[in-house]
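**Q** Here you go, this is start_19.json (JSON, C-alpha atoms).
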[["chain", "number", "residue", "atom", "x", "y", "z"],
["A", 433, "MET", "CA", 5.04, -18.56, 0.67],
["A", 434, "ARG", "CA", 2.58, -16.51, 2.71],
["A", 435, "VAL", "CA", 2.13, -12.82, 1.99],
["A", 436, "CYS", "CA", 0.04, -10.31, 3.92],
["A", 437, "PHE", "CA", -1.06, -7.19, 2.04],
["A", 438, "ALA", "CA", -1.87, -4.61, 4.71],
["A", 439, "GLY", "CA", -3.21, -1.10, 4.33],
["A", 440, "ASP", "CA", -6.31, 0.86, 3.40],
["A", 441, "SER", "CA", -9.33, 0.55, 1.09],
["A", 442, "LEU", "CA", -7.12, 0.74, -2.01],
["A", 443, "VAL", "CA", -5.44, -2.44, -0.76],
["A", 444, "ALA", "CA", -8.88, -3.94, -0.15],
["A", 445, "GLY", "CA", -9.85, -3.13, -3.75],
["A", 446, "THR", "CA", -12.87, -0.96, -2.98],
["A", 447, "GLY", "CA", -14.69, -0.01, -6.19],
["A", 448, "ASP", "CA", -13.50, -2.98, -8.24],
["A", 449, "GLU", "CA", -16.56, -4.72, -9.65],
["A", 450, "SER", "CA", -14.47, -7.86, -10.17],
["A", 451, "ALA", "CA", -13.49, -7.85, -6.45],
["A", 452, "ARG", "CA", -9.81, -8.41, -7.21],
["A", 453, "GLY", "CA", -8.22, -4.99, -6.77],
["A", 454, "TRP", "CA", -4.52, -4.61, -7.42],
["A", 455, "VAL", "CA", -3.67, -7.09, -4.68],
["A", 456, "GLY", "CA", -5.61, -9.97, -6.25],
["A", 457, "ARG", "CA", -4.06, -9.26, -9.64],
["A", 458, "VAL", "CA", -0.51, -9.04, -8.27],
["A", 459, "ALA", "CA", -1.01, -12.28, -6.34],
["A", 460, "ALA", "CA", -2.35, -13.95, -9.50],
["A", 461, "ALA", "CA", 0.70, -12.75, -11.45],
["A", 462, "ALA", "CA", 2.99, -14.25, -8.79],
["A", 463, "ILE", "CA", 1.18, -17.58, -8.91],
["A", 464, "ALA", "CA", 1.17, -17.58, -12.73],
["A", 465, "GLY", "CA", 4.93, -16.99, -12.52],
["A", 466, "GLY", "CA", 5.40, -20.19, -10.53],
["A", 467, "LEU", "CA", 5.35, -18.95, -6.93],
["A", 468, "ASP", "CA", 3.49, -21.15, -4.45],
["A", 469, "LEU", "CA", 1.79, -18.24, -2.75],
["A", 470, "THR", "CA", -1.04, -17.72, -0.28],
["A", 471, "ALA", "CA", -2.12, -14.07, -0.16],
["A", 472, "TYR", "CA", -4.00, -12.45, 2.72],
["A", 473, "ASN", "CA", -5.71, -9.11, 2.11],
["A", 474, "LEU", "CA", -5.67, -7.01, 5.30],
["A", 475, "GLY", "CA", -6.93, -3.79, 3.73],
["A", 476, "VAL", "CA", -9.29, -1.74, 5.91],
["A", 477, "ARG", "CA", -11.37, 1.11, 4.54],
["A", 478, "GLY", "CA", -10.45, 4.51, 5.98],
["A", 479, "ALA", "CA", -7.28, 3.28, 7.68],
["A", 480, "THR", "CA", -4.38, 5.66, 8.18],
["A", 481, "SER", "CA", -0.76, 4.60, 8.52],
["A", 482, "VAL", "CA", -0.99, 4.90, 12.30],
["A", 483, "GLN", "CA", -4.01, 2.58, 12.38],
["A", 484, "VAL", "CA", -2.31, 0.06, 10.11],
["A", 485, "ALA", "CA", 0.74, 0.10, 12.40],
["A", 486, "ARG", "CA", -1.43, -0.56, 15.46],
["A", 487, "ARG", "CA", -3.03, -3.69, 14.02],
["A", 488, "LEU", "CA", -0.25, -5.07, 11.81],
["A", 489, "ALA", "CA", 1.35, -7.52, 14.24],
["A", 490, "ILE", "CA", -2.01, -8.72, 15.59],
["A", 491, "GLU", "CA", -3.41, -9.46, 12.13],
["A", 492, "ALA", "CA", -0.27, -10.62, 10.33],
["A", 493, "ARG", "CA", 1.33, -12.94, 12.87],
["A", 494, "PRO", "CA", -1.31, -15.72, 12.82],
["A", 495, "ARG", "CA", -1.14, -15.80, 9.03],
["A", 496, "LEU", "CA", 2.65, -15.98, 8.78],
["A", 497, "THR", "CA", 3.43, -19.30, 10.42],
["A", 498, "ALA", "CA", 6.95, -20.37, 11.28],
["A", 499, "GLY", "CA", 8.78, -22.26, 8.55],
["A", 500, "ASP", "CA", 7.05, -20.55, 5.66],
["A", 501, "ASP", "CA", 8.58, -17.88, 3.46],
["A", 502, "ALA", "CA", 6.66, -14.97, 5.00],
["A", 503, "ARG", "CA", 6.42, -11.46, 3.54],
["A", 504, "ILE", "CA", 4.40, -8.30, 4.16],
["A", 505, "VAL", "CA", 3.42, -5.77, 1.48],
["A", 506, "LEU", "CA", 2.26, -2.44, 2.92],
["A", 507, "SER", "CA", 0.39, 0.41, 1.26],
["A", 508, "PHE", "CA", -1.08, 3.50, 2.91],
["A", 509, "GLY", "CA", -1.01, 7.28, 2.79],
["A", 510, "VAL", "CA", -4.11, 8.53, 0.98],
["A", 511, "ASN", "CA", -6.13, 8.70, 4.21],
["A", 512, "ASP", "CA", -3.20, 10.36, 5.99],
["A", 513, "THR", "CA", -3.35, 13.28, 3.52],
["A", 514, "ILE", "CA", -7.07, 14.04, 3.93],
["A", 515, "VAL", "CA", -7.67, 17.42, 5.55],
["A", 516, "GLU", "CA", -10.15, 17.40, 8.44],
["A", 517, "ASP", "CA", -10.99, 20.47, 10.53],
["A", 518, "GLY", "CA", -8.29, 22.43, 8.75],
["A", 519, "ARG", "CA", -5.42, 20.01, 9.27],
["A", 520, "GLN", "CA", -4.01, 16.89, 7.70],
["A", 521, "ARG", "CA", -5.17, 13.68, 9.39],
["A", 522, "GLU", "CA", -1.61, 12.48, 9.87],
["A", 523, "PRO", "CA", 1.33, 14.86, 9.42],
["A", 524, "THR", "CA", 4.08, 13.45, 7.23],
["A", 525, "GLU", "CA", 6.39, 12.83, 10.20],
["A", 526, "ARG", "CA", 3.71, 10.73, 11.90],
["A", 527, "THR", "CA", 3.33, 8.66, 8.72],
["A", 528, "LEU", "CA", 7.08, 8.11, 8.59],
["A", 529, "GLU", "CA", 7.08, 7.16, 12.27],
["A", 530, "ALA", "CA", 4.31, 4.64, 11.54],
["A", 531, "LEU", "CA", 6.45, 3.11, 8.78],
["A", 532, "ARG", "CA", 9.35, 2.74, 11.20],
["A", 533, "THR", "CA", 7.01, 1.12, 13.73],
["A", 534, "MET", "CA", 5.71, -1.33, 11.11],
["A", 535, "ARG", "CA", 9.22, -2.25, 10.05],
["A", 536, "ASP", "CA", 10.16, -2.96, 13.68],
["A", 537, "ARG", "CA", 6.97, -4.88, 14.47],
["A", 538, "ALA", "CA", 7.22, -6.98, 11.32],
["A", 539, "ALA", "CA", 10.83, -8.03, 11.93],
["A", 540, "PRO", "CA", 12.23, -10.44, 10.98],
["A", 541, "VAL", "CA", 9.58, -10.72, 8.26],
["A", 542, "PRO", "CA", 10.67, -8.68, 5.19],
["A", 543, "ILE", "CA", 8.42, -5.83, 4.11],
["A", 544, "LEU", "CA", 7.90, -3.94, 0.87],
["A", 545, "LEU", "CA", 6.09, -0.61, 0.68],
["A", 546, "VAL", "CA", 3.79, 0.47, -2.16],
["A", 547, "GLY", "CA", 3.27, 4.23, -2.22],
["A", 548, "PRO", "CA", -0.11, 5.98, -2.26],
["A", 549, "PRO", "CA", -1.85, 6.50, -5.62],
["A", 550, "ALA", "CA", -3.54, 9.66, -6.91],
["A", 551, "VAL", "CA", -7.08, 10.76, -6.05],
["A", 552, "ASP", "CA", -9.51, 13.15, -7.77],
["A", 553, "ASP", "CA", -8.57, 16.22, -5.67],
["A", 554, "ASP", "CA", -5.55, 18.07, -7.07],
["A", 555, "GLU", "CA", -4.79, 19.78, -3.75],
["A", 556, "GLN", "CA", -4.74, 16.42, -2.01],
["A", 557, "ASN", "CA", -2.59, 15.06, -4.83],
["A", 558, "ASP", "CA", -0.04, 17.76, -4.03],
["A", 559, "ARG", "CA", 0.05, 16.45, -0.47],
["A", 560, "ILE", "CA", 0.22, 12.85, -1.68],
["A", 561, "LEU", "CA", 3.21, 13.73, -3.88],
["A", 562, "VAL", "CA", 5.02, 15.24, -0.88],
["A", 563, "LEU", "CA", 4.27, 12.12, 1.15],
["A", 564, "ASP", "CA", 5.26, 9.82, -1.71],
["A", 565, "ARG", "CA", 8.71, 11.41, -1.88],
["A", 566, "ALA", "CA", 9.12, 11.37, 1.90],
["A", 567, "LEU", "CA", 8.11, 7.70, 2.09],
["A", 568, "GLU", "CA", 10.52, 6.77, -0.69],
["A", 569, "HIS", "CA", 13.35, 8.55, 1.12],
["A", 570, "GLU", "CA", 12.50, 6.97, 4.49],
["A", 571, "ALA", "CA", 12.10, 3.52, 2.97],
["A", 572, "ALA", "CA", 15.56, 3.79, 1.43],
["A", 573, "ALA", "CA", 16.99, 4.76, 4.83],
["A", 574, "LEU", "CA", 15.30, 1.71, 6.38],
["A", 575, "ALA", "CA", 16.40, -0.62, 3.54],
["A", 576, "VAL", "CA", 12.73, -1.26, 2.73],
["A", 577, "PRO", "CA", 11.98, -1.73, -1.00],
["A", 578, "TYR", "CA", 9.64, 0.99, -2.29],
["A", 579, "VAL", "CA", 7.37, 0.90, -5.33],
["A", 580, "ALA", "CA", 5.74, 4.21, -6.25],
["A", 581, "ALA", "CA", 2.10, 4.19, -7.37],
["A", 582, "PHE", "CA", 1.56, 7.95, -7.70],
["A", 583, "PRO", "CA", 3.39, 8.61, -11.00],
["A", 584, "ALA", "CA", 1.49, 5.84, -12.79],
["A", 585, "THR", "CA", -1.90, 6.99, -11.54],
["A", 586, "VAL", "CA", -1.80, 10.80, -11.44],
["A", 587, "SER", "CA", -1.55, 11.15, -15.21],
["A", 588, "SER", "CA", -3.47, 8.05, -16.28],
["A", 589, "PRO", "CA", -7.03, 8.51, -17.60],
["A", 590, "VAL", "CA", -7.62, 4.80, -16.98],
["A", 591, "TRP", "CA", -7.15, 5.56, -13.28],
["A", 592, "ARG", "CA", -8.29, 9.19, -13.01],
["A", 593, "HIS", "CA", -11.59, 8.95, -14.94],
["A", 594, "PRO", "CA", -13.24, 6.21, -12.85],
["A", 595, "VAL", "CA", -11.94, 7.86, -9.68],
["A", 596, "HIS", "CA", -13.51, 11.15, -10.84],
["A", 597, "VAL", "CA", -16.90, 9.69, -11.75],
["A", 598, "GLY", "CA", -16.85, 7.47, -8.65],
["A", 599, "ASP", "CA", -16.24, 8.52, -5.06],
["A", 600, "GLY", "CA", -13.07, 10.53, -5.73],
["A", 601, "PHE", "CA", -10.73, 7.90, -4.29],
["A", 602, "HIS", "CA", -11.32, 4.47, -5.81],
["A", 603, "PRO", "CA", -11.12, 3.33, -9.46],
["A", 604, "ASP", "CA", -12.98, 0.53, -11.18],
["A", 605, "ALA", "CA", -11.62, -2.84, -12.33],
["A", 606, "ALA", "CA", -9.76, -1.26, -15.28],
["A", 607, "GLY", "CA", -8.08, 1.24, -12.98],
["A", 608, "TYR", "CA", -6.92, -1.47, -10.59],
["A", 609, "ALA", "CA", -5.71, -3.55, -13.54],
["A", 610, "HIS", "CA", -3.65, -0.57, -14.70],
["A", 611, "LEU", "CA", -2.07, -0.18, -11.26],
["A", 612, "ALA", "CA", -1.47, -3.93, -10.94],
["A", 613, "ALA", "CA", 0.38, -3.95, -14.27],
["A", 614, "VAL", "CA", 2.75, -1.33, -12.83],
["A", 615, "LEU", "CA", 3.18, -3.00, -9.45],
["A", 616, "ALA", "CA", 3.36, -6.68, -10.40],
["A", 617, "PRO", "CA", 6.85, -6.77, -11.98],
["A", 618, "PRO", "CA", 8.73, -5.20, -9.02],
["A", 619, "VAL", "CA", 6.59, -6.88, -6.35],
["A", 620, "VAL", "CA", 6.89, -10.34, -7.92],
["A", 621, "ALA", "CA", 10.64, -9.83, -8.42],
["A", 622, "TRP", "CA", 10.92, -9.00, -4.71],
["A", 623, "LEU", "CA", 8.91, -12.09, -3.79],
["A", 624, "ARG", "CA", 11.36, -14.18, -5.78],
["A", 625, "GLU", "CA", 14.35, -12.88, -3.81],
["A", 626, "PRO", "CA", 15.56, -15.35, -1.17],
["A", 627, "VAL", "CA", 15.16, -14.26, 2.43],
["A", 628, "ALA", "CA", 18.33, -14.08, 4.50],
["A", 629, "ARG", "CA", 18.09, -16.52, 7.40]]
Using the file provided, produce a representation of the structure as structure tokens.

**A**
Amino acid sequence: MRVCFAGDSLVAGTGDESARGWVGRVAAAAIAGGLDLTAYNLGVRGATSVQVARRLAIEARPRLTAGDDARIVLSFGVNDTIVEDGRQREPTERTLEALRTMRDRAAPVPILLVGPPAVDDDEQNDRILVLDRALEHEAAALAVPYVAAFPATVSSPVWRHPVHVGDGFHPDAAGYAHLAAVLAPPVVAWLREPVAR
């Protein structure tokens, strides 16, 4: 099995002193559970959903060779909700359009979407919550499995404290471990599901 994890700096694990992030921990949980898995981390710092959509096929295709059980796990949204020059970097509809583009470009490779986690700015968290709900709704319409990260991070001191004392966006190793513990069960369960051929 080959799995690409594509998205932003939270996918890349920025801030984790152990350099594993949530992706490394989820991949380790899958391997410990008996899956023969190769994981590719395609997280790029500062990337919006639109930027991830532009590069997804180019970066994922060489890593997902024919004959393997190929999957893509996506996660984005925090950078979309940053306000620059008085407006949101990517309006919600543009983020949803990017998701639709990614689903189409990934086909026939199955995708799963992990929602955006909380940051240190409560006003931005309000925007992230709106986006989280919109992404969940759109993912359901597209038959794309969705795993929310926001509820488990917005109220967790294990996540919020290191984000607060850090750069406002990224936790430390303990914060990523907390998120991975939430994400691993549904993501690994999805990886275990057979792909329709």

**Q** So what do you get for CA of Val627 (chain A) versus CA of Arg565 (chain A), distance-wise?

**A**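 Interatomic distance here is 26.8 Å.
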
**Q** Which residue, A:Leu545, A:Leu611, A:Val455, A:Ala606, has the smallest gap to Val505 (chain A) when you use only C-alpha atoms?

**A**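 Result for the nearest residue to Val505 (chain A): A:Leu545.
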
**Q** May I ask which of the residues A:Leu623, A:Leu544, A:Ile463, A:Leu442 is the closest one to Val595 (chain A), counting only C-alpha atoms?

**A**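 That would be A:Leu442, the residue with the smallest distance to Val595 (chain A).
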
**Q** With only C-alpha atoms as the atoms that count, which of A:Thr585, A:Gln520, A:Thr446, A:Thr533 lies nearest to Arg486 (chain A)?

**A** A:Thr533

**Q** Calculated over all atoms listed in the file, which of the candidates A:Thr497, A:Met534, A:Ala461, A:Gly518 has the smallest distance to Ala438 (chain A)?

**A** A:Met534

**Q** Using only C-alpha atoms, which residues sit within 9 Å of region 618-620 of chain A once same-chain residues fewer than 6 positions away are excluded, as a list in words?

**A**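 In the requested form, the answer reads Val458, Ala459, Ala461, Ala462, Gly465, Leu467, Val505, Leu544, Val546 and Val579 of chain A.
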
**Q** Write out as an MDAnalysis selection string each polymer residue whose atoms come within 7 Å of region 548-556 of chain A, counting all atoms listed in the file; drop sequence neighbours fewer than 5 positions from it.

**A** chainID A and resid 507:510 513:514 564 581:582 585:586 592 595:596 600:601

**Q** CA of Ala471 (chain A) and CA of Arg495 (chain A), how far apart in Å?

**A**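 CA of Ala471 (chain A) lies at a distance of 9.4 Å from CA of Arg495 (chain A).
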
**Q** Which residue out of A:Ala572, A:Cys436, A:Ala530, A:Leu506 has the minimum interatomic distance to Arg493 (chain A) when only C-alpha atoms are used?

**A**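 Checking each of A:Ala572, A:Cys436, A:Ala530, A:Leu506 against Arg493 (chain A), counting only C-alpha atoms, the winner is A:Cys436.
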
**Q** I'd like the box whose edges run along x, y and z of the file and which contains every listed atom of region 478-488 of chain A, padded by 8 Å per side; could you state its centre and edge lengths in Å, one decimal, as AutoDock Vina command-line options?

**A**
--center_x -4.9 --center_y 0.3 --center_z 10.7 --size_x 27.2 --size_y 26.7 --size_z 25.5

**Q** For Gly478 (chain A), which residue out of A:Pro626, A:His593, A:Ile490, A:His602 is the nearest one, using all atoms listed in the file?

**A** A:His602

**Q** Rounded to one decimal in Å, what is the spacing between CA of Asp440 (chain A) and CA of Asp501 (chain A)?

**A**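 Answer for the CA of Asp440 (chain A) to CA of Asp501 (chain A) separation: 23.9 Å.
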
**Q** Taking 5 positions as the minimum chain separation for residues in the same chain, which residues sit within 10 Å of Ala489 (chain A) when counting all atoms listed in the file? Answer as a PDB file with C-alpha atoms, in the coordinates of the input.

**A**
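Final file, result.pdb:
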ATOM      1  CA  VAL A 484      -2.310   0.060  10.110  1.00  0.00           C
ATOM      2  CA  PRO A 494      -1.310 -15.720  12.820  1.00  0.00           C
ATOM      3  CA  MET A 534       5.710  -1.330  11.110  1.00  0.00           C
ATOM      4  CA  ASP A 536      10.160  -2.960  13.680  1.00  0.00           C
ATOM      5  CA  ARG A 537       6.970  -4.880  14.470  1.00  0.00           C
ATOM      6  CA  ALA A 538       7.220  -6.980  11.320  1.00  0.00           C
ATOM      7  CA  ALA A 539      10.830  -8.030  11.930  1.00  0.00           C
TER       8      ALA A 539
END

**Q** Env of Arg526 (chain A): 10 Å cut, atoms = all atoms listed in the file, seq-sep filter 5 positions within chain, self excluded. Answer as a ChimeraX atom specification.

**A** /A:481-482,512,521,531-532

**Q** Could you give me, as a list in words, the residues within 8 Å of Leu567 (chain A), counting all atoms listed in the file and dropping anything in the same chain fewer than 3 positions from it?

**A**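 Using all atoms listed in the file, the neighbours found are Leu528, Gly547, Leu563, Asp564, Glu570 and Ala571 of chain A.
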
**Q** Produce a file of the selected residues containing C-alpha atoms, as a PDB file, in the frame of the given file.

**A**
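Saved the output as out_29.pdb:
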ATOM      1  CA  LEU A 528       7.080   8.110   8.590  1.00  0.00           C
ATOM      2  CA  GLY A 547       3.270   4.230  -2.220  1.00  0.00           C
ATOM      3  CA  LEU A 563       4.270  12.120   1.150  1.00  0.00           C
ATOM      4  CA  ASP A 564       5.260   9.820  -1.710  1.00  0.00           C
ATOM      5  CA  GLU A 570      12.500   6.970   4.490  1.00  0.00           C
ATOM      6  CA  ALA A 571      12.100   3.520   2.970  1.00  0.00           C
TER       7      ALA A 571
END

**Q** Could you please give me, as a list of chain:residue names, the residues of protein, DNA or RNA lying at most 9 Å from (-6.6, -3.1, -1.9) in the coordinate frame of the file, considering all atoms listed in the file?

**A**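 Nearby residues: A:Phe437, A:Ala438, A:Gly439, A:Asp440, A:Ser441, A:Leu442, A:Val443, A:Ala444, A:Gly445, A:Thr446, A:Arg452, A:Gly453, A:Trp454, A:Val455, A:Gly456, A:Asn473, A:Leu474, A:Gly475, A:Val476, A:Ser507, A:Tyr608.
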
**Q** Please produce region 611-622 of chain A, completed to all heavy atoms, as a PDB file, in the coordinates of the input.

**A**
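The result, stored in out29.pdb:
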ATOM      1  N   LEU A 611      -3.028  -0.277 -12.362  1.00  0.00           N
ATOM      2  CA  LEU A 611      -2.070  -0.180 -11.260  1.00  0.00           C
ATOM      3  C   LEU A 611      -1.356  -1.507 -11.041  1.00  0.00           C
ATOM      4  O   LEU A 611      -0.135  -1.541 -10.820  1.00  0.00           O
ATOM      5  CB  LEU A 611      -2.785   0.257  -9.981  1.00  0.00           C
ATOM      6  CG  LEU A 611      -1.905   0.410  -8.741  1.00  0.00           C
ATOM      7  CD1 LEU A 611      -0.755   1.377  -8.987  1.00  0.00           C
ATOM      8  CD2 LEU A 611      -2.741   0.861  -7.551  1.00  0.00           C
ATOM      9  N   ALA A 612      -2.083  -2.613 -11.124  1.00  0.00           N
ATOM     10  CA  ALA A 612      -1.470  -3.930 -10.940  1.00  0.00           C
ATOM     11  C   ALA A 612      -0.397  -4.207 -11.986  1.00  0.00           C
ATOM     12  O   ALA A 612       0.630  -4.824 -11.686  1.00  0.00           O
ATOM     13  CB  ALA A 612      -2.530  -5.023 -10.976  1.00  0.00           C
ATOM     14  N   ALA A 613      -0.620  -3.744 -13.209  1.00  0.00           N
ATOM     15  CA  ALA A 613       0.380  -3.950 -14.270  1.00  0.00           C
ATOM     16  C   ALA A 613       1.676  -3.215 -13.951  1.00  0.00           C
ATOM     17  O   ALA A 613       2.763  -3.670 -14.327  1.00  0.00           O
ATOM     18  CB  ALA A 613      -0.182  -3.479 -15.611  1.00  0.00           C
ATOM     19  N   VAL A 614       1.567  -2.090 -13.250  1.00  0.00           N
ATOM     20  CA  VAL A 614       2.750  -1.330 -12.830  1.00  0.00           C
ATOM     21  C   VAL A 614       3.433  -1.999 -11.646  1.00  0.00           C
ATOM     22  O   VAL A 614       4.662  -2.091 -11.576  1.00  0.00           O
ATOM     23  CB  VAL A 614       2.358   0.122 -12.479  1.00  0.00           C
ATOM     24  CG1 VAL A 614       3.524   0.880 -11.859  1.00  0.00           C
ATOM     25  CG2 VAL A 614       1.826   0.850 -13.711  1.00  0.00           C
ATOM     26  N   LEU A 615       2.627  -2.471 -10.692  1.00  0.00           N
ATOM     27  CA  LEU A 615       3.180  -3.000  -9.450  1.00  0.00           C
ATOM     28  C   LEU A 615       3.668  -4.441  -9.553  1.00  0.00           C
ATOM     29  O   LEU A 615       4.619  -4.818  -8.860  1.00  0.00           O
ATOM     30  CB  LEU A 615       2.110  -2.930  -8.346  1.00  0.00           C
ATOM     31  CG  LEU A 615       1.565  -1.556  -7.988  1.00  0.00           C
ATOM     32  CD1 LEU A 615       0.549  -1.677  -6.866  1.00  0.00           C
ATOM     33  CD2 LEU A 615       2.679  -0.594  -7.601  1.00  0.00           C
ATOM     34  N   ALA A 616       3.035  -5.246 -10.384  1.00  0.00           N
ATOM     35  CA  ALA A 616       3.360  -6.680 -10.400  1.00  0.00           C
ATOM     36  C   ALA A 616       4.825  -6.980 -10.684  1.00  0.00           C
ATOM     37  O   ALA A 616       5.420  -7.778  -9.951  1.00  0.00           O
ATOM     38  CB  ALA A 616       2.453  -7.414 -11.390  1.00  0.00           C
ATOM     39  N   PRO A 617       5.455  -6.391 -11.721  1.00  0.00           N
ATOM     40  CA  PRO A 617       6.850  -6.770 -11.980  1.00  0.00           C
ATOM     41  C   PRO A 617       7.789  -6.546 -10.787  1.00  0.00           C
ATOM     42  O   PRO A 617       8.509  -7.485 -10.398  1.00  0.00           O
ATOM     43  CB  PRO A 617       7.225  -5.920 -13.202  1.00  0.00           C
ATOM     44  CG  PRO A 617       5.920  -5.696 -13.898  1.00  0.00           C
ATOM     45  CD  PRO A 617       4.917  -5.527 -12.795  1.00  0.00           C
ATOM     46  N   PRO A 618       7.802  -5.347 -10.156  1.00  0.00           N
ATOM     47  CA  PRO A 618       8.730  -5.200  -9.020  1.00  0.00           C
ATOM     48  C   PRO A 618       8.320  -5.991  -7.786  1.00  0.00           C
ATOM     49  O   PRO A 618       9.195  -6.503  -7.069  1.00  0.00           O
ATOM     50  CB  PRO A 618       8.709  -3.687  -8.736  1.00  0.00           C
ATOM     51  CG  PRO A 618       7.448  -3.178  -9.320  1.00  0.00           C
ATOM     52  CD  PRO A 618       7.170  -4.054 -10.500  1.00  0.00           C
ATOM     53  N   VAL A 619       7.021  -6.126  -7.537  1.00  0.00           N
ATOM     54  CA  VAL A 619       6.590  -6.880  -6.350  1.00  0.00           C
ATOM     55  C   VAL A 619       6.912  -8.364  -6.530  1.00  0.00           C
ATOM     56  O   VAL A 619       7.450  -9.007  -5.617  1.00  0.00           O
ATOM     57  CB  VAL A 619       5.093  -6.658  -6.059  1.00  0.00           C
ATOM     58  CG1 VAL A 619       4.625  -7.593  -4.939  1.00  0.00           C
ATOM     59  CG2 VAL A 619       4.839  -5.204  -5.668  1.00  0.00           C
ATOM     60  N   VAL A 620       6.612  -8.921  -7.685  1.00  0.00           N
ATOM     61  CA  VAL A 620       6.890 -10.340  -7.920  1.00  0.00           C
ATOM     62  C   VAL A 620       8.402 -10.589  -7.906  1.00  0.00           C
ATOM     63  O   VAL A 620       8.870 -11.604  -7.364  1.00  0.00           O
ATOM     64  CB  VAL A 620       6.248 -10.822  -9.233  1.00  0.00           C
ATOM     65  CG1 VAL A 620       6.685 -12.249  -9.562  1.00  0.00           C
ATOM     66  CG2 VAL A 620       4.726 -10.749  -9.140  1.00  0.00           C
ATOM     67  N   ALA A 621       9.180  -9.678  -8.461  1.00  0.00           N
ATOM     68  CA  ALA A 621      10.640  -9.830  -8.420  1.00  0.00           C
ATOM     69  C   ALA A 621      11.129  -9.860  -6.976  1.00  0.00           C
ATOM     70  O   ALA A 621      12.014 -10.654  -6.625  1.00  0.00           O
ATOM     71  CB  ALA A 621      11.303  -8.679  -9.181  1.00  0.00           C
ATOM     72  N   TRP A 622      10.547  -9.005  -6.126  1.00  0.00           N
ATOM     73  CA  TRP A 622      10.920  -9.000  -4.710  1.00  0.00           C
ATOM     74  C   TRP A 622      10.520 -10.304  -4.027  1.00  0.00           C
ATOM     75  O   TRP A 622      11.271 -10.845  -3.211  1.00  0.00           O
ATOM     76  CB  TRP A 622      10.260  -7.805  -4.021  1.00  0.00           C
ATOM     77  CG  TRP A 622      10.461  -7.750  -2.544  1.00  0.00           C
ATOM     78  CD1 TRP A 622      11.611  -7.444  -1.869  1.00  0.00           C
ATOM     79  CD2 TRP A 622       9.471  -8.014  -1.533  1.00  0.00           C
ATOM     80  NE1 TRP A 622      11.394  -7.486  -0.507  1.00  0.00           N
ATOM     81  CE2 TRP A 622      10.086  -7.838  -0.279  1.00  0.00           C
ATOM     82  CE3 TRP A 622       8.126  -8.367  -1.586  1.00  0.00           C
ATOM     83  CZ2 TRP A 622       9.404  -8.009   0.926  1.00  0.00           C
ATOM     84  CZ3 TRP A 622       7.438  -8.544  -0.388  1.00  0.00           C
ATOM     85  CH2 TRP A 622       8.082  -8.359   0.846  1.00  0.00           C
TER      86      TRP A 622
END
